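Q: Provided herewith: entry34.pdb, PDB, C-alpha atoms.
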```pdb
ATOM      1  CA  MET A 945     -15.534 150.857 -32.339  1.00  0.00           C
ATOM      2  CA  PRO A 946     -14.993 148.450 -29.424  1.00  0.00           C
ATOM      3  CA  PRO A 947     -18.019 147.734 -27.219  1.00  0.00           C
ATOM      4  CA  ALA A 948     -18.368 149.683 -23.995  1.00  0.00           C
ATOM      5  CA  ALA A 949     -17.411 147.916 -20.786  1.00  0.00           C
ATOM      6  CA  ASN A 950     -21.031 147.422 -19.711  1.00  0.00           C
ATOM      7  CA  GLU A 951     -22.378 146.238 -23.111  1.00  0.00           C
ATOM      8  CA  PRO A 952     -22.686 142.456 -23.697  1.00  0.00           C
ATOM      9  CA  VAL A 953     -20.365 140.917 -26.246  1.00  0.00           C
ATOM     10  CA  LYS A 954     -22.127 139.155 -29.139  1.00  0.00           C
ATOM     11  CA  PRO A 955     -20.918 135.608 -29.753  1.00  0.00           C
ATOM     12  CA  ALA A 956     -19.211 134.902 -33.033  1.00  0.00           C
ATOM     13  CA  ALA A 957     -21.483 133.621 -35.802  1.00  0.00           C
ATOM     14  CA  PRO A 958     -21.314 129.835 -36.348  1.00  0.00           C
ATOM     15  CA  PRO A 959     -19.379 128.800 -39.425  1.00  0.00           C
ATOM     16  CA  LYS A 960     -21.396 128.553 -42.601  1.00  0.00           C
ATOM     17  CA  ALA A 961     -22.382 125.069 -43.816  1.00  0.00           C
ATOM     18  CA  GLU A 962     -20.113 125.263 -46.837  1.00  0.00           C
ATOM     19  CA  ASN A 963     -17.111 125.781 -44.555  1.00  0.00           C
ATOM     20  CA  ALA A 964     -18.077 122.965 -42.142  1.00  0.00           C
ATOM     21  CA  PRO A 965     -16.363 119.606 -42.605  1.00  0.00           C
ATOM     22  CA  ALA A 966     -18.603 116.929 -44.134  1.00  0.00           C
ATOM     23  CA  VAL A 967     -19.845 114.353 -41.637  1.00  0.00           C
ATOM     24  CA  MET A 968     -19.496 110.899 -43.152  1.00  0.00           C
ATOM     25  CA  PRO A 969     -21.620 107.991 -41.924  1.00  0.00           C
ATOM     26  CA  PRO A 970     -19.615 105.212 -40.295  1.00  0.00           C
ATOM     27  CA  ALA A 971     -18.229 102.792 -42.836  1.00  0.00           C
ATOM     28  CA  ALA A 972     -20.149  99.521 -43.114  1.00  0.00           C
ATOM     29  CA  LYS A 973     -18.271  96.483 -41.916  1.00  0.00           C
ATOM     30  CA  PRO A 974     -17.304  94.118 -44.693  1.00  0.00           C
ATOM     31  CA  PRO A 975     -19.454  90.961 -44.882  1.00  0.00           C
ATOM     32  CA  SER A 976     -18.057  87.704 -43.621  1.00  0.00           C
ATOM     33  CA  VAL A 977     -17.179  85.166 -46.273  1.00  0.00           C
ATOM     34  CA  THR A 978     -17.198  81.388 -45.961  1.00  0.00           C
ATOM     35  CA  VAL A 979     -16.047  79.128 -48.756  1.00  0.00           C
ATOM     36  CA  ILE A 980     -17.692  75.709 -48.836  1.00  0.00           C
ATOM     37  CA  ASP A 981     -16.246  73.066 -51.100  1.00  0.00           C
ATOM     38  CA  ALA A 982     -18.710  71.831 -53.731  1.00  0.00           C
ATOM     39  CA  PHE A 983     -18.080  68.293 -52.482  1.00  0.00           C
ATOM     40  CA  ASP A 984     -19.287  69.241 -48.984  1.00  0.00           C
ATOM     41  CA  ALA A 985     -22.598  70.970 -49.726  1.00  0.00           C
ATOM     42  CA  LYS A 986     -25.340  71.070 -52.362  1.00  0.00           C
ATOM     43  CA  GLY A 987     -28.907  72.233 -52.639  1.00  0.00           C
ATOM     44  CA  ILE A 988     -31.475  69.561 -51.834  1.00  0.00           C
ATOM     45  CA  LEU A 989     -34.675  70.832 -53.438  1.00  0.00           C
ATOM     46  CA  GLY A 990     -35.866  68.329 -55.997  1.00  0.00           C
ATOM     47  CA  ARG A 991     -33.660  65.545 -54.647  1.00  0.00           C
ATOM     48  CA  ASP A 992     -35.055  62.012 -54.494  1.00  0.00           C
ATOM     49  CA  VAL A 993     -36.027  60.604 -51.101  1.00  0.00           C
ATOM     50  CA  ARG A 994     -36.006  56.862 -50.457  1.00  0.00           C
ATOM     51  CA  SER A 995     -37.023  54.642 -47.554  1.00  0.00           C
ATOM     52  CA  PRO A 996     -34.474  52.399 -45.789  1.00  0.00           C
ATOM     53  CA  ALA A 997     -35.842  49.582 -48.016  1.00  0.00           C
ATOM     54  CA  SER A 998     -34.990  51.763 -51.062  1.00  0.00           C
ATOM     55  CA  GLU A 999     -38.663  52.521 -51.869  1.00  0.00           C
ATOM     56  CA  ASN A1000     -39.273  55.754 -53.749  1.00  0.00           C
ATOM     57  CA  MET A1001     -40.744  58.253 -51.270  1.00  0.00           C
ATOM     58  CA  GLY A1002     -40.873  61.286 -53.566  1.00  0.00           C
ATOM     59  CA  ARG A1003     -38.804  64.457 -53.856  1.00  0.00           C
ATOM     60  CA  ILE A1004     -37.959  67.281 -51.482  1.00  0.00           C
ATOM     61  CA  ALA A1005     -40.206  70.175 -52.471  1.00  0.00           C
ATOM     62  CA  ASP A1006     -39.437  72.659 -49.695  1.00  0.00           C
ATOM     63  CA  VAL A1007     -37.792  73.167 -46.310  1.00  0.00           C
ATOM     64  CA  ILE A1008     -39.691  74.383 -43.231  1.00  0.00           C
ATOM     65  CA  VAL A1009     -37.956  76.781 -40.815  1.00  0.00           C
ATOM     66  CA  ASP A1010     -39.297  78.157 -37.560  1.00  0.00           C
ATOM     67  CA  ARG A1011     -39.411  81.831 -36.542  1.00  0.00           C
ATOM     68  CA  ALA A1012     -35.875  81.569 -35.183  1.00  0.00           C
ATOM     69  CA  GLY A1013     -34.655  80.406 -38.608  1.00  0.00           C
ATOM     70  CA  GLN A1014     -33.917  76.837 -37.503  1.00  0.00           C
ATOM     71  CA  VAL A1015     -34.628  74.090 -40.027  1.00  0.00           C
ATOM     72  CA  ARG A1016     -37.438  71.947 -38.599  1.00  0.00           C
ATOM     73  CA  ALA A1017     -38.737  69.780 -41.429  1.00  0.00           C
ATOM     74  CA  ALA A1018     -38.817  69.007 -45.135  1.00  0.00           C
ATOM     75  CA  VAL A1019     -41.840  68.996 -47.427  1.00  0.00           C
ATOM     76  CA  ILE A1020     -41.859  65.893 -49.604  1.00  0.00           C
ATOM     77  CA  ASP A1021     -43.900  65.601 -52.772  1.00  0.00           C
ATOM     78  CA  PHE A1022     -45.091  62.031 -52.222  1.00  0.00           C
ATOM     79  CA  GLY A1023     -46.814  59.576 -54.536  1.00  0.00           C
ATOM     80  CA  GLY A1024     -48.363  60.151 -57.920  1.00  0.00           C
ATOM     81  CA  PHE A1025     -46.773  60.096 -61.327  1.00  0.00           C
ATOM     82  CA  LEU A1026     -45.263  63.207 -62.916  1.00  0.00           C
ATOM     83  CA  GLY A1027     -46.996  65.351 -60.317  1.00  0.00           C
ATOM     84  CA  VAL A1028     -50.450  63.869 -60.942  1.00  0.00           C
ATOM     85  CA  GLY A1029     -52.003  62.336 -57.848  1.00  0.00           C
ATOM     86  CA  SER A1030     -49.162  63.416 -55.605  1.00  0.00           C
ATOM     87  CA  ARG A1031     -49.537  65.194 -52.303  1.00  0.00           C
ATOM     88  CA  LYS A1032     -47.162  67.023 -50.018  1.00  0.00           C
ATOM     89  CA  ILE A1033     -46.348  65.715 -46.565  1.00  0.00           C
ATOM     90  CA  VAL A1034     -43.975  67.118 -43.948  1.00  0.00           C
ATOM     91  CA  VAL A1035     -41.267  65.041 -42.260  1.00  0.00           C
ATOM     92  CA  ASP A1036     -38.997  65.898 -39.365  1.00  0.00           C
ATOM     93  CA  TRP A1037     -35.549  67.059 -40.476  1.00  0.00           C
ATOM     94  CA  ALA A1038     -33.913  64.552 -38.101  1.00  0.00           C
ATOM     95  CA  ALA A1039     -35.635  61.693 -39.976  1.00  0.00           C
ATOM     96  CA  LEU A1040     -33.613  62.480 -43.121  1.00  0.00           C
ATOM     97  CA  HIS A1041     -30.110  61.158 -43.812  1.00  0.00           C
ATOM     98  CA  PHE A1042     -27.840  62.820 -46.346  1.00  0.00           C
ATOM     99  CA  TRP A1043     -25.217  60.323 -47.505  1.00  0.00           C
ATOM    100  CA  ASN A1044     -23.464  61.982 -50.416  1.00  0.00           C
ATOM    101  CA  VAL A1045     -24.748  65.484 -51.066  1.00  0.00           C
ATOM    102  CA  ALA A1046     -22.156  66.162 -53.762  1.00  0.00           C
ATOM    103  CA  ASP A1047     -23.680  63.458 -55.971  1.00  0.00           C
ATOM    104  CA  LYS A1048     -26.966  64.887 -57.278  1.00  0.00           C
ATOM    105  CA  THR A1049     -28.055  61.404 -58.311  1.00  0.00           C
ATOM    106  CA  ALA A1050     -27.673  60.079 -54.758  1.00  0.00           C
ATOM    107  CA  SER A1051     -30.935  59.970 -52.873  1.00  0.00           C
ATOM    108  CA  ILE A1052     -31.716  61.088 -49.354  1.00  0.00           C
ATOM    109  CA  THR A1053     -32.920  58.385 -46.963  1.00  0.00           C
ATOM    110  CA  LEU A1054     -36.032  58.867 -44.824  1.00  0.00           C
ATOM    111  CA  ASP A1055     -36.438  56.814 -41.622  1.00  0.00           C
ATOM    112  CA  LEU A1056     -40.076  56.013 -42.422  1.00  0.00           C
ATOM    113  CA  THR A1057     -41.905  53.391 -44.471  1.00  0.00           C
ATOM    114  CA  ARG A1058     -44.172  54.105 -47.431  1.00  0.00           C
ATOM    115  CA  GLU A1059     -47.165  53.062 -45.311  1.00  0.00           C
ATOM    116  CA  GLN A1060     -46.259  55.567 -42.569  1.00  0.00           C
ATOM    117  CA  VAL A1061     -45.838  58.380 -45.077  1.00  0.00           C
ATOM    118  CA  ARG A1062     -49.015  57.413 -46.960  1.00  0.00           C
ATOM    119  CA  ALA A1063     -50.968  57.770 -43.681  1.00  0.00           C
ATOM    120  CA  ALA A1064     -49.566  61.265 -42.974  1.00  0.00           C
ATOM    121  CA  PRO A1065     -51.885  64.254 -43.385  1.00  0.00           C
ATOM    122  CA  GLU A1066     -51.346  66.433 -46.435  1.00  0.00           C
ATOM    123  CA  TYR A1067     -49.405  69.690 -46.071  1.00  0.00           C
ATOM    124  CA  LYS A1068     -51.250  72.823 -47.157  1.00  0.00           C
ATOM    125  CA  ASP A1069     -49.978  76.400 -47.150  1.00  0.00           C
ATOM    126  CA  ASP A1070     -51.243  78.621 -44.329  1.00  0.00           C
ATOM    127  CA  GLN A1071     -52.595  75.638 -42.366  1.00  0.00           C
ATOM    128  CA  PRO A1072     -51.171  74.130 -39.166  1.00  0.00           C
ATOM    129  CA  ILE A1073     -48.237  71.896 -40.087  1.00  0.00           C
ATOM    130  CA  VAL A1074     -48.280  68.265 -38.976  1.00  0.00           C
ATOM    131  CA  VAL A1075     -44.708  66.967 -38.944  1.00  0.00           C
ATOM    132  CA  LEU A1076     -44.168  63.222 -39.232  1.00  0.00           C
ATOM    133  CA  GLY A1077     -41.166  62.002 -37.252  1.00  0.00           C
ATOM    134  CA  ALA A1078     -39.371  58.682 -37.129  1.00  0.00           C
ATOM    135  CA  SER A1079     -39.071  58.361 -33.355  1.00  0.00           C
ATOM    136  CA  GLY A1080     -42.429  59.697 -32.221  1.00  0.00           C
ATOM    137  CA  THR A1081     -40.738  62.195 -29.908  1.00  0.00           C
ATOM    138  CA  LEU A1082     -40.994  65.487 -31.761  1.00  0.00           C
ATOM    139  CA  THR A1083     -40.657  68.596 -29.659  1.00  0.00           C
ATOM    140  CA  PRO A1084     -43.380  71.169 -30.307  1.00  0.00           C
ATOM    141  CA  LEU A1085     -42.316  74.723 -31.012  1.00  0.00           C
ATOM    142  CA  LYS A1086     -42.661  77.027 -28.032  1.00  0.00           C
ATOM    143  CA  PHE A1087     -42.541  80.643 -29.114  1.00  0.00           C
ATOM    144  CA  PRO A1088     -44.086  83.682 -27.459  1.00  0.00           C
ATOM    145  CA  PRO A1089     -47.323  84.874 -29.086  1.00  0.00           C
ATOM    146  CA  ILE A1090     -46.931  86.725 -32.382  1.00  0.00           C
ATOM    147  CA  THR A1091     -47.161  90.497 -32.059  1.00  0.00           C
ATOM    148  CA  MET A1092     -49.151  92.617 -34.493  1.00  0.00           C
ATOM    149  CA  GLN A1093     -45.865  93.911 -35.976  1.00  0.00           C
ATOM    150  CA  GLU A1094     -44.763  90.348 -36.842  1.00  0.00           C
ATOM    151  CA  ARG A1095     -47.969  89.572 -38.744  1.00  0.00           C
TER     152      ARG A1095
END
```
Any chance you could give the structure as structure tokens?
A:
Amino acid sequence: MPPAANEPVKPAAPPKAENAPAVMPPAAKPPSVTVIDAFDAKGILGRDVRSPASENMGRIADVIVDRAGQVRAAVIDFGGFLGVGSRKIVVDWAALHFWNVADKTASITLDLTREQVRAAPEYKDDQPIVVLGASGTLTPLKFPPITMQER
């Protein structure tokens, strides 16, 4: 029976979920890909570091990055023999020179003398980092204060 002229018309029922088209999340963009020739780049952890006078300065133990992800310094395991008596010091990234990274036997040159590095304070985890630079003109990091969410 059709509704009377003064009776409201009921809206049609929404389609049931099984009849509704599936909503797909947007497709993820493919990652970018860069191919670097093995001759052009290599890892540096564990590589020998030498002074300009070819003195053994130790090995690169770690790399220090700031909150923005910029490489700031390298941690060098300096002195000692087979890890005994050695200590870690931090040197400015700009004080390092990478001559032939493809050759794992080639050392990295540090623009500091053994005496300068020997006098540097030891690096310790979770302590303020003292970075030794060749020119004496290091720029301190200037970041806004850390928020509670970043801790």
Q: What is the CA of Asp1055 (chain A) to CA of Lys1068 (chain A) distance in Å?
A: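 Those two atoms sit 22.5 Å apart.
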Q: Quick check, in Å to one decimal: how far apart do CA of Asp992 (chain A) and CA of Thr978 (chain A) lie?
A: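 It comes out at 27.7 Å.
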Q: Could you list, as a list in words, every residue matched by the PyMOL selection byres ((chain A and resi 983) around 12) in this structure?
A: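 Checked against the file, the PyMOL selection byres ((chain A and resi 983) around 12) matches Val979, Ile980, Asp981, Ala982, Asp984, Ala985, Lys986, Gly987, Trp1043, Asn1044, Val1045, Ala1046, Asp1047 and Lys1048 of chain A.
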Q: How about saving the chosen residues, C-alpha atoms kept, as a compact mmCIF listing (two decimals), in the coordinates of the input?
A:
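Dumped everything to again.txt:
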```txt
# COMPACT_ATOMS: atom_id res chain seq x y z
CA VAL A 979 -16.05 79.13 -48.76
CA ILE A 980 -17.69 75.71 -48.84
CA ASP A 981 -16.25 73.07 -51.10
CA ALA A 982 -18.71 71.83 -53.73
CA ASP A 984 -19.29 69.24 -48.98
CA ALA A 985 -22.60 70.97 -49.73
CA LYS A 986 -25.34 71.07 -52.36
CA GLY A 987 -28.91 72.23 -52.64
CA TRP A 1043 -25.22 60.32 -47.50
CA ASN A 1044 -23.46 61.98 -50.42
CA VAL A 1045 -24.75 65.48 -51.07
CA ALA A 1046 -22.16 66.16 -53.76
CA ASP A 1047 -23.68 63.46 -55.97
CA LYS A 1048 -26.97 64.89 -57.28
```
Q: Taking only C-alpha atoms into account, which of A:Ile1033, A:Val967, A:Val1015, A:Leu989 comes nearest Ile1052 (chain A)?
A: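 When distances to Ile1052 (chain A) are compared using only C-alpha atoms, the smallest one comes from A:Leu989.
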Q: So how far away is CA of Val1034 (chain A) from CA of Tyr1067 (chain A), in Å?
A: 6.4 Å
Q: Using the chain letters and numbering of this document, enumerate as a list in words the residues selected by the PyMOL selection byres ((chain A and resi 1062) around 10).
A: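 Answer for the PyMOL selection byres ((chain A and resi 1062) around 10): Met1001, Phe1022, Gly1023, Arg1031, Ile1033, Thr1057, Arg1058, Glu1059, Gln1060, Val1061, Ala1063, Ala1064, Pro1065 and Glu1066 of chain A.
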